[in-house]
>>> print(open('final-v2.txt').read())   # compact mmCIF, C-alpha atoms
# COMPACT_ATOMS: atom_id res chain seq x y z
CA MET S 74 -12.93 3.27 18.32
CA ALA S 75 -13.87 -0.08 16.74
CA ARG S 76 -11.19 -2.42 15.57
CA THR S 77 -10.00 -1.56 12.10
CA THR S 78 -11.31 -3.88 9.41
CA GLY S 79 -8.55 -6.14 8.17
CA PRO S 80 -7.25 -9.68 8.18
CA VAL S 81 -6.46 -11.56 11.37
CA LEU S 82 -3.32 -13.65 10.83
CA ARG S 83 -2.55 -16.77 12.82
CA THR S 84 0.75 -18.59 13.03
CA GLN S 85 1.85 -21.52 15.18
CA ARG S 86 2.33 -19.34 18.27
CA LEU S 87 0.83 -15.97 17.43
CA VAL S 88 -2.32 -14.07 16.58
CA LEU S 89 -1.90 -10.83 14.63
CA GLU S 90 -4.81 -8.36 14.60
CA PRO S 91 -4.94 -4.86 13.08
CA ILE S 92 -3.97 -2.33 15.73
CA ARG S 93 -6.81 -0.29 17.25
CA ARG S 94 -6.94 2.66 19.65
CA ALA S 95 -7.75 0.30 22.54
CA ASP S 96 -4.30 -1.29 22.13
CA SER S 97 -2.52 1.89 23.19
CA ASP S 98 -1.92 0.85 26.81
CA ASP S 99 -0.48 -2.48 25.69
CA LEU S 100 1.66 -0.71 23.11
CA PHE S 101 2.93 1.67 25.76
CA GLU S 102 3.91 -1.12 28.17
CA ALA S 103 5.49 -3.38 25.55
CA VAL S 104 7.14 -0.87 23.20
CA VAL S 105 6.90 2.85 23.96
CA SER S 106 8.09 2.60 27.58
CA GLN S 107 10.95 0.25 26.64
CA ASP S 108 14.06 2.29 25.93
CA SER S 109 15.91 -0.79 24.67
CA VAL S 110 13.24 -1.08 21.94
CA MET S 111 12.60 2.58 21.09
CA ARG S 112 16.28 3.44 20.70
CA TRP S 113 16.34 1.40 17.49
CA LEU S 114 13.25 2.96 15.90
CA ALA S 115 13.81 5.79 13.43
CA THR S 116 10.87 7.64 14.98
CA GLY S 117 12.99 8.11 18.09
CA ARG S 118 12.28 7.77 21.80
CA ALA S 119 8.85 8.42 23.31
CA ASP S 120 7.80 7.70 26.86
CA SER S 121 4.18 8.73 27.33
CA ARG S 122 0.80 7.06 27.05
CA ALA S 123 -0.29 10.00 24.92
CA ALA S 124 2.45 9.10 22.44
CA ALA S 125 1.22 5.51 22.37
CA ARG S 126 -2.34 6.69 21.67
CA ALA S 127 -1.08 8.91 18.85
CA MET S 128 0.81 5.96 17.38
CA CYS S 129 -2.32 3.79 17.50
CA ASP S 130 -4.37 6.52 15.85
CA ASP S 131 -1.76 6.73 13.11
CA HIS S 132 -1.87 2.97 12.62
CA VAL S 133 -5.68 3.01 12.39
CA ALA S 134 -5.56 5.83 9.82
CA HIS S 135 -3.03 3.85 7.77
CA TRP S 136 -5.29 0.77 7.77
CA ASN S 137 -8.23 2.88 6.65
CA ARG S 138 -6.19 4.45 3.86
CA HIS S 139 -4.42 1.37 2.47
CA GLY S 140 -6.24 -1.72 3.70
CA TYR S 141 -3.03 -3.04 5.30
CA GLY S 142 -0.80 -1.83 8.09
CA ASP S 143 0.53 -2.68 11.55
CA PHE S 144 -0.69 -5.57 13.68
CA ALA S 145 -0.87 -6.11 17.40
CA VAL S 146 1.06 -9.32 18.05
CA ARG S 147 -0.34 -11.55 20.80
CA ASP S 148 0.56 -14.93 22.21
CA ALA S 149 -1.98 -17.37 20.79
CA ALA S 150 -2.12 -19.36 24.04
CA THR S 151 -2.28 -16.57 26.63
CA GLY S 152 -3.36 -13.47 24.71
CA ALA S 153 -0.37 -11.55 26.06
CA PHE S 154 0.61 -8.50 23.98
CA LEU S 155 4.12 -9.10 22.60
CA GLY S 156 4.62 -6.11 20.32
CA ARG S 157 3.67 -4.81 16.92
CA VAL S 158 4.66 -5.72 13.38
CA GLY S 159 3.34 -4.63 10.03
CA LEU S 160 3.51 -3.04 6.61
CA ARG S 161 3.85 0.72 6.22
CA ASN S 162 3.35 2.57 2.97
CA ARG S 163 5.65 5.57 2.62
CA ALA S 164 4.88 7.88 -0.30
CA ARG S 165 8.52 8.34 -1.32
CA HIS S 166 9.91 4.92 -0.41
CA GLY S 167 7.24 2.27 -0.96
CA VAL S 168 6.07 -0.40 1.48
CA ASP S 169 8.35 -1.40 4.34
CA ILE S 170 8.03 -3.94 7.11
CA GLY S 171 8.80 -3.00 10.68
CA PHE S 172 8.62 -4.70 14.06
CA ALA S 173 9.02 -3.80 17.71
CA VAL S 174 8.89 -6.63 20.26
CA HIS S 175 8.80 -6.45 24.07
CA PRO S 176 12.18 -7.39 25.61
CA ARG S 177 10.64 -10.43 27.30
CA ALA S 178 9.62 -11.79 23.88
CA GLN S 179 12.99 -11.24 22.24
CA GLY S 180 15.29 -14.15 21.47
CA ARG S 181 12.35 -16.50 20.87
CA GLY S 182 11.88 -15.97 17.13
CA ILE S 183 8.72 -13.90 17.66
CA ALA S 184 9.75 -11.09 15.32
CA ALA S 185 10.70 -13.55 12.58
CA GLU S 186 7.46 -15.52 12.93
CA ALA S 187 5.30 -12.39 12.86
CA GLY S 188 7.38 -10.89 10.06
CA ALA S 189 6.94 -14.02 7.95
CA ALA S 190 3.18 -13.74 8.35
CA CYS S 191 3.28 -10.11 7.15
CA LEU S 192 5.42 -10.99 4.15
CA ASP S 193 2.99 -13.76 3.31
CA LEU S 194 0.20 -11.18 3.38
CA ALA S 195 2.24 -8.75 1.27
CA PHE S 196 3.18 -11.15 -1.50
CA ARG S 197 0.65 -13.96 -1.55
CA ARG S 198 -2.50 -11.97 -0.79
CA LEU S 199 -1.73 -8.36 -1.75
CA ALA S 200 0.55 -9.09 -4.74
CA LEU S 201 2.96 -6.31 -3.79
CA PRO S 202 6.03 -6.22 -6.06
CA ALA S 203 8.52 -5.58 -3.25
CA VAL S 204 8.77 -4.87 0.46
CA PHE S 205 11.60 -2.92 2.09
CA ALA S 206 12.97 -2.63 5.60
CA PHE S 207 14.90 0.26 7.17
CA VAL S 208 17.36 -0.47 9.97
CA LEU S 209 19.55 1.88 11.96
CA PRO S 210 23.26 1.02 11.68
CA GLY S 211 24.33 -1.15 14.61
CA ASN S 212 20.96 -2.87 15.04
CA THR S 213 22.43 -6.31 14.54
CA ALA S 214 19.46 -8.16 16.06
CA SER S 215 16.96 -6.73 13.58
CA THR S 216 19.40 -7.21 10.71
CA ALA S 217 19.68 -10.89 11.63
CA VAL S 218 15.89 -11.24 11.59
CA LEU S 219 15.64 -9.60 8.18
CA ARG S 220 18.32 -11.85 6.70
CA ARG S 221 16.60 -14.88 8.19
CA LEU S 222 13.43 -13.82 6.36
CA GLY S 223 15.28 -13.51 3.06
CA ALA S 224 16.03 -9.78 2.83
CA GLN S 225 18.87 -8.52 0.67
CA PRO S 226 20.91 -5.33 1.25
CA ASP S 227 19.65 -2.45 -0.91
CA GLY S 228 21.74 0.61 -0.08
CA THR S 229 20.79 3.34 2.38
CA VAL S 230 17.85 5.69 2.80
CA GLU S 231 16.89 8.60 5.03
CA SER S 232 13.94 7.89 7.33
CA SER S 233 12.63 10.38 9.90
CA GLY S 234 15.79 12.40 9.38
CA LEU S 235 18.12 9.47 10.12
CA GLN S 236 20.33 7.56 7.71
CA CYS S 237 19.23 3.92 7.67
CA LEU S 238 20.36 0.74 6.00
CA ARG S 239 17.78 -0.46 3.51
CA TYR S 240 16.90 -4.10 2.83
CA ARG S 241 14.64 -5.46 0.13
CA PHE S 242 12.33 -8.46 -0.04
CA ALA S 243 11.18 -9.77 -3.41
CA PRO S 244 8.35 -12.27 -3.96
CA ALA S 245 10.64 -14.95 -5.38
CA THR S 246 13.31 -14.76 -2.67
CA SER S 247 11.44 -14.16 0.58
CA ARG S 248 11.10 -17.09 2.93
CA ARG S 249 7.43 -16.97 3.69
CA GLN S 250 5.04 -19.22 5.49
CA VAL S 251 1.42 -19.74 4.62
CA THR S 252 -0.75 -18.28 7.36
CA GLN S 253 -4.36 -18.82 8.19
CA GLY S 254 -6.46 -15.68 8.18
CA SER S 255 -9.95 -14.59 9.06
CA CYS S 256 -12.09 -11.46 8.53
CA THR S 257 -11.33 -11.44 4.81
CA ASN S 258 -10.43 -13.87 2.08
CA LEU S 259 -9.63 -11.13 -0.41
CA GLN S 260 -6.70 -11.80 -2.71
CA LEU S 261 -5.15 -9.48 -5.30
CA ILE S 262 -3.82 -10.91 -8.55
CA HIS S 263 -1.48 -8.97 -10.84
CA ALA S 264 -1.37 -9.93 -14.52
CA PRO S 265 -0.05 -8.31 -17.71
CA GLY S 266 -2.56 -7.02 -20.22
CA PRO S 267 -6.00 -5.39 -19.98
CA GLY S 268 -7.56 -8.21 -17.99
CA SER S 269 -10.07 -10.93 -18.78
CA PRO S 270 -13.18 -9.88 -20.76
CA THR S 271 -15.15 -12.28 -18.59
CA ASP S 272 -13.92 -10.61 -15.41
CA ARG S 273 -14.70 -7.15 -16.82
CA ALA S 274 -18.22 -8.22 -17.75
CA ALA S 275 -18.79 -9.61 -14.25
CA LEU S 276 -17.61 -6.35 -12.64
CA HIS S 277 -19.71 -4.19 -14.98
CA ASP S 278 -22.74 -6.15 -13.70
CA GLY S 279 -24.79 -5.28 -16.77
CA LEU S 280 -24.22 -1.53 -16.46
CA PRO S 281 -23.72 0.06 -19.91
CA ASP S 282 -21.51 2.86 -18.53
CA PRO S 283 -19.99 1.76 -15.20
CA PHE S 284 -17.42 4.58 -15.21
CA GLY S 285 -19.86 7.32 -16.21
CA VAL S 286 -17.75 8.62 -19.11
CA ASN S 287 -19.47 7.34 -22.26
CA GLU S 288 -21.05 10.72 -22.96
CA LEU S 289 -17.58 12.25 -23.34
CA GLY S 290 -17.01 10.36 -26.58
CA LEU S 291 -13.38 9.51 -25.77
CA VAL S 292 -11.36 6.60 -27.11
CA TRP S 293 -9.39 4.97 -24.29
CA ALA S 294 -6.08 3.10 -24.27
CA ASP S 295 -5.87 -0.55 -23.27
CA LYS S 296 -4.12 -1.11 -19.96
CA GLU S 297 -0.74 -2.86 -19.92
CA HIS S 298 -1.27 -4.29 -16.42
CA THR S 299 -4.31 -5.31 -14.42
CA LEU S 300 -4.78 -5.87 -10.70
CA THR S 301 -7.85 -7.93 -9.86
CA ALA S 302 -9.33 -8.43 -6.39
CA VAL S 303 -10.81 -11.89 -5.99
CA SER S 304 -13.09 -13.13 -3.21
CA GLU S 305 -14.31 -16.73 -3.02
CA GLY S 306 -12.94 -17.32 -6.50
CA ARG S 307 -14.84 -14.44 -8.10
CA PRO S 308 -13.58 -11.03 -9.22
CA VAL S 309 -14.93 -8.22 -7.04
CA ALA S 310 -12.79 -5.27 -8.21
CA SER S 311 -10.05 -4.32 -10.62
CA ALA S 312 -7.72 -1.53 -11.64
CA GLY S 313 -5.39 -1.16 -14.63
CA TRP S 314 -2.40 0.94 -15.57
CA LEU S 315 0.13 1.59 -18.30
CA LEU S 316 3.60 3.11 -18.47
CA ARG S 317 4.37 5.90 -20.89
CA ASP S 318 6.69 8.86 -21.38
CA MET S 319 4.44 11.90 -20.94
CA THR S 320 5.34 15.58 -20.88
CA PHE S 321 4.90 17.89 -17.91
CA ASP S 322 5.51 21.55 -18.77
CA GLY S 323 7.13 20.32 -21.98
CA SER S 324 9.65 18.06 -20.24
CA PRO S 325 9.47 14.25 -20.57
CA ARG S 326 8.58 12.25 -17.51
CA ARG S 327 8.08 8.51 -17.06
CA ALA S 328 4.53 8.23 -15.79
CA ALA S 329 2.04 5.49 -15.03
CA GLY S 330 -1.55 6.10 -16.04
CA LEU S 331 -4.07 4.53 -13.68
CA GLY S 332 -7.58 3.75 -14.88
CA GLY S 333 -10.40 1.27 -14.89
CA VAL S 334 -10.78 1.35 -11.10
CA LEU S 335 -14.05 -0.47 -10.50
CA VAL S 336 -15.62 -2.32 -7.57
CA HIS S 337 -18.64 -4.56 -8.02
CA PRO S 338 -21.68 -2.84 -6.45
CA VAL S 339 -22.17 -5.64 -3.91
CA HIS S 340 -18.64 -5.18 -2.54
CA ARG S 341 -18.46 -1.39 -2.32
CA GLY S 342 -17.86 0.35 0.99
CA ARG S 343 -15.27 -2.20 2.17
CA GLY S 344 -12.15 -0.23 1.23
CA ILE S 345 -11.22 -2.56 -1.64
CA ALA S 346 -10.61 0.30 -4.09
CA ARG S 347 -8.21 1.95 -1.64
CA THR S 348 -6.14 -1.22 -1.39
CA LEU S 349 -6.15 -1.75 -5.17
CA ILE S 350 -4.94 1.79 -5.77
CA SER S 351 -2.26 1.55 -3.07
CA VAL S 352 -0.87 -1.68 -4.52
CA ALA S 353 -1.10 -0.39 -8.12
CA VAL S 354 1.01 2.61 -7.11
CA GLU S 355 3.69 0.25 -5.78
CA HIS S 356 3.76 -1.69 -9.05
CA ALA S 357 4.19 1.57 -10.94
CA ARG S 358 7.01 2.56 -8.59
CA ALA S 359 8.74 -0.80 -9.10
CA ALA S 360 8.47 -0.35 -12.88
CA GLY S 361 10.29 2.98 -12.73
CA ALA S 362 7.44 5.48 -12.87
CA GLU S 363 8.27 8.94 -11.54
CA THR S 364 4.66 10.07 -11.27
CA MET S 365 1.28 8.34 -11.33
CA ILE S 366 -1.62 10.06 -13.06
CA LEU S 367 -5.34 9.39 -13.47
CA LEU S 368 -8.51 10.91 -14.86
CA CYS S 369 -11.64 10.81 -12.75
CA ARG S 370 -15.16 12.13 -12.50
CA PRO S 371 -15.51 15.29 -10.36
CA ALA S 372 -17.40 13.37 -7.66
CA LEU S 373 -14.33 11.19 -7.06
CA VAL S 374 -11.84 14.03 -6.54
CA PRO S 375 -12.33 14.06 -2.72
CA PHE S 376 -11.80 10.27 -2.61
CA TYR S 377 -8.44 10.46 -4.38
CA THR S 378 -7.43 13.57 -2.45
CA ASP S 379 -7.95 11.61 0.76
CA LEU S 380 -5.54 8.99 -0.61
CA GLY S 381 -2.79 11.56 -1.16
CA TRP S 382 -3.40 12.41 -4.82
CA ARG S 383 -3.33 16.03 -5.98
CA ARG S 384 -5.55 17.62 -8.59
CA LEU S 385 -3.79 19.35 -11.47
CA SER S 386 -4.80 22.91 -12.26
CA VAL S 387 -3.31 22.95 -15.77
CA PRO S 388 -4.76 21.85 -19.15
CA VAL S 389 -4.25 18.16 -19.91
CA THR S 390 -4.22 16.99 -23.52
CA ALA S 391 -4.41 13.49 -25.00
CA GLN S 392 -4.55 12.00 -28.46
CA GLN S 393 -7.83 11.03 -30.11
CA PRO S 394 -8.54 9.68 -33.60
CA GLY S 395 -9.20 13.23 -34.81
CA GLY S 396 -6.09 14.70 -33.17
CA ALA S 397 -5.08 16.19 -29.83
CA ARG S 398 -7.86 17.09 -27.41
CA THR S 399 -7.95 18.91 -24.09
CA LEU S 400 -9.58 16.52 -21.64
CA PRO S 401 -12.75 17.57 -19.79
CA LEU S 402 -12.13 15.37 -16.73
CA PRO S 403 -10.28 16.30 -13.54
CA THR S 404 -6.72 14.97 -13.56
CA MET S 405 -4.98 13.76 -10.40
CA THR S 406 -1.32 12.91 -9.82
CA PHE S 407 0.57 10.97 -7.16
CA ASP S 408 4.21 11.97 -6.73
CA LEU S 409 6.67 9.07 -6.41
CA THR S 410 10.03 10.81 -6.68
CA GLY S 411 9.71 14.40 -5.47
CA LEU S 412 9.28 16.02 -8.90
CA PRO S 413 7.30 19.28 -9.04
CA ALA S 414 3.72 19.47 -10.25
CA PRO S 415 3.32 21.08 -13.68
CA THR S 416 2.43 24.76 -13.80
CA LEU S 417 1.69 25.15 -17.52
CA SER S 418 0.43 21.97 -19.17
CA THR S 419 0.49 18.17 -19.29
CA ASP S 420 0.39 16.01 -22.41
CA LEU S 421 -0.43 12.32 -22.00
CA GLN S 422 1.36 11.61 -25.31
CA GLY S 423 -1.26 9.08 -26.37
CA LEU S 424 -4.78 7.92 -25.65
CA PRO S 425 -6.22 8.55 -22.17
CA PHE S 426 -6.36 5.61 -19.80
>>> encode(input="final-v2.txt", output="C-alpha cells")
Amino acid sequence: MARTTGPVLRTQRLVLEPIRRADSDDLFEAVVSQDSVMRWLATGRADSRAAARAMCDDHVAHWNRHGYGDFAVRDAATGAFLGRVGLRNRARHGVDIGFAVHPRAQGRGIAAEAGAACLDLAFRRLALPAVFAFVLPGNTASTAVLRRLGAQPDGTVESSGLQCLRYRFAPATSRRQVTQGSCTNLQLIHAPGPGSPTDRAALHDGLPDPFGVNELGLVWADKEHTLTAVSEGRPVASAGWLLRDMTFDGSPRRAAGLGGVLVHPVHRGRGIARTLISVAVEHARAAGAETMILLCRPALVPFYTDLGWRRLSVPVTAQQPGGARTLPLPTMTFDLTGLPAPTLSTDLQGLPF
C-alpha cells in the first residue's frame, strides 16, 4: 500500500509522516508490544503484529476519509521510529489528539514536540475550531504533556467503553510552534459570510452552473460561514454553511445546512472536498448544531455516504418565494449528538442552502 497522501511535518528533532501499512512492524515494536504504553490507551492492550497491521489500515482509512490523521514519528537524524501521534475525528466527540511513544523516547519531550506540530496543523493549516484529548485517570505523564501544550480540563467522556478525562485545546490558547511541511501547502481559511465574490468566480471557472442545479429553479440562502481552501495564495475549493432551527418530524432541532461545496476542476481528485467537509462539520459542532444536513445531486450520494452521511427517506420541504416546496434533491444528514433520523418529514424552515 502506498503512503497516504498528506503533509510531512518537520520539527527541530522529528519528522512526522502519515502512517502507512508498511509502518506496522515499527508500530508493533514501538507501541503495540509495549505494555507500559498500551495500558494507557482507551483501545486497550494488544500484542500481535496482526493488531498493528489492523491499526495501520485504520489510520490509512482515516487519512483517506478526512485528509488528516495519525503520523509515524521518526528521529530526524537517525530515522528511528519513535511512536505515533495525530488527529482523530470521532463522529460523536469531534477531533482529538493522541500520542503513543516508545518507552526509550519518553522523558525527552518527544510527545510534546510532535503534539505541538499536530496542533499547528490543526489550527494554522486546517482551521479547526477546537481539538480535544482523552486521558485515562491516573495517566499523569500524558496529562502533563497536554497541560504543557496548553490544554484545559473539559469534563469527562466515554471512549471505547472507558470513562476518560477530557481536555480541550482552542486556537487562541494552544502553545503551538510553526512547522515546516512538504507534500502539500494547502491551507483552510474560515470566515463569516458567504465568501468573496472574486473567490467564487475563480472557483466557478467560467461554468454557468457549477453545481448542476440551475434547472431546478430554486432560490438559495446565503451562507453564514465559508471555509476556503487556498493553495499558493489562490482559492482551490470552498464550502459554506448556516445555522438554523429546523423541524424533524415536527420537532425543532438546531441544524447546520452545508452547501456550496466546490473544488476547482484542476484540483479535483486530491481529497480536498473530504477535508473541507470534515472541518466544516467540526465548526457546526462547535457552534451547537445537533445535526448537519445537505442537499446534493444523486450522483454525489455515494460520495457523502462514504463520508458517514445518511440519506433521508422522508419528504424535505423548504421555503421559496411562492411558498413551501418539497425539494427534488436527495437530502443527507450527519448526526452529531445521537438524535434519531426523521421518519415522517423534515422542514428546513427557510430557503435551501
>>> closest_residue(input="final-v2.txt", among="S:Arg181, S:Arg138, S:Arg370, S:Arg307", to="Val352 (chain S)", atoms="only C-alpha atoms")
S:Arg138
>>> closest_residue(input="final-v2.txt", among="S:Ile345, S:Leu219, S:Thr213, S:Leu289", to="Pro401 (chain S)", atoms="all atoms listed in the file")
S:Leu289
>>> residues_around(input="final-v2.txt", residues="Gly142 (chain S)", least_positions_apart="5", cutoff="9 Å", atoms="all atoms listed in the file", output="JSON, numbers by chain")
{"S": [79, 91, 92, 132, 133, 135, 136, 137, 158, 159, 160, 161, 162]}
>>> closest_residue(input="final-v2.txt", among="S:Gly381, S:Gly332, S:Gly361, S:Pro403", to="His139 (chain S)", atoms="all atoms listed in the file")
S:Gly381
>>> residues_around(input="final-v2.txt", residues="Asp120 (chain S)", least_positions_apart="5", cutoff="10 Å", atoms="all atoms listed in the file", output="PyMOL selection string")
chain S and resi 101-102+104-108+111+125
>>> write_last_selection(input="final-v2.txt", atoms="C-alpha atoms", output="PDB file, in the frame of the given file")
ATOM      1  CA  PHE S 101       2.930   1.670  25.760  1.00  0.00           C
ATOM      2  CA  GLU S 102       3.910  -1.120  28.170  1.00  0.00           C
ATOM      3  CA  VAL S 104       7.140  -0.870  23.200  1.00  0.00           C
ATOM      4  CA  VAL S 105       6.900   2.850  23.960  1.00  0.00           C
ATOM      5  CA  SER S 106       8.090   2.600  27.580  1.00  0.00           C
ATOM      6  CA  GLN S 107      10.950   0.250  26.640  1.00  0.00           C
ATOM      7  CA  ASP S 108      14.060   2.290  25.930  1.00  0.00           C
ATOM      8  CA  MET S 111      12.600   2.580  21.090  1.00  0.00           C
ATOM      9  CA  ALA S 125       1.220   5.510  22.370  1.00  0.00           C
TER      10      ALA S 125
END
>>> closest_residue(input="final-v2.txt", among="S:Leu349, S:Met319, S:Leu82, S:Cys191", to="Leu424 (chain S)", atoms="only C-alpha atoms")
S:Met319
>>> atom_distance(input="final-v2.txt", atom1="CA of Phe242 (chain S)", atom2="CA of Gly266 (chain S)")
25.1 Å
>>> closest_residue(input="final-v2.txt", among="S:Thr404, S:Ala397, S:Val218, S:Gly211", to="Trp382 (chain S)", atoms="only C-alpha atoms")
S:Thr404
>>> residues_around(input="final-v2.txt", residues="Arg358 (chain S)", least_positions_apart="5", cutoff="8 Å", atoms="only C-alpha atoms", output="ChimeraX atom specification")
/S:167,363,409
>>> residues_near_point(input="final-v2.txt", point="(1.0, 16.3, -22.7)", cutoff="7 Å", atoms="only C-alpha atoms", output="VMD selection string")
chain S and resid 319 to 321 389 to 391 418 to 422
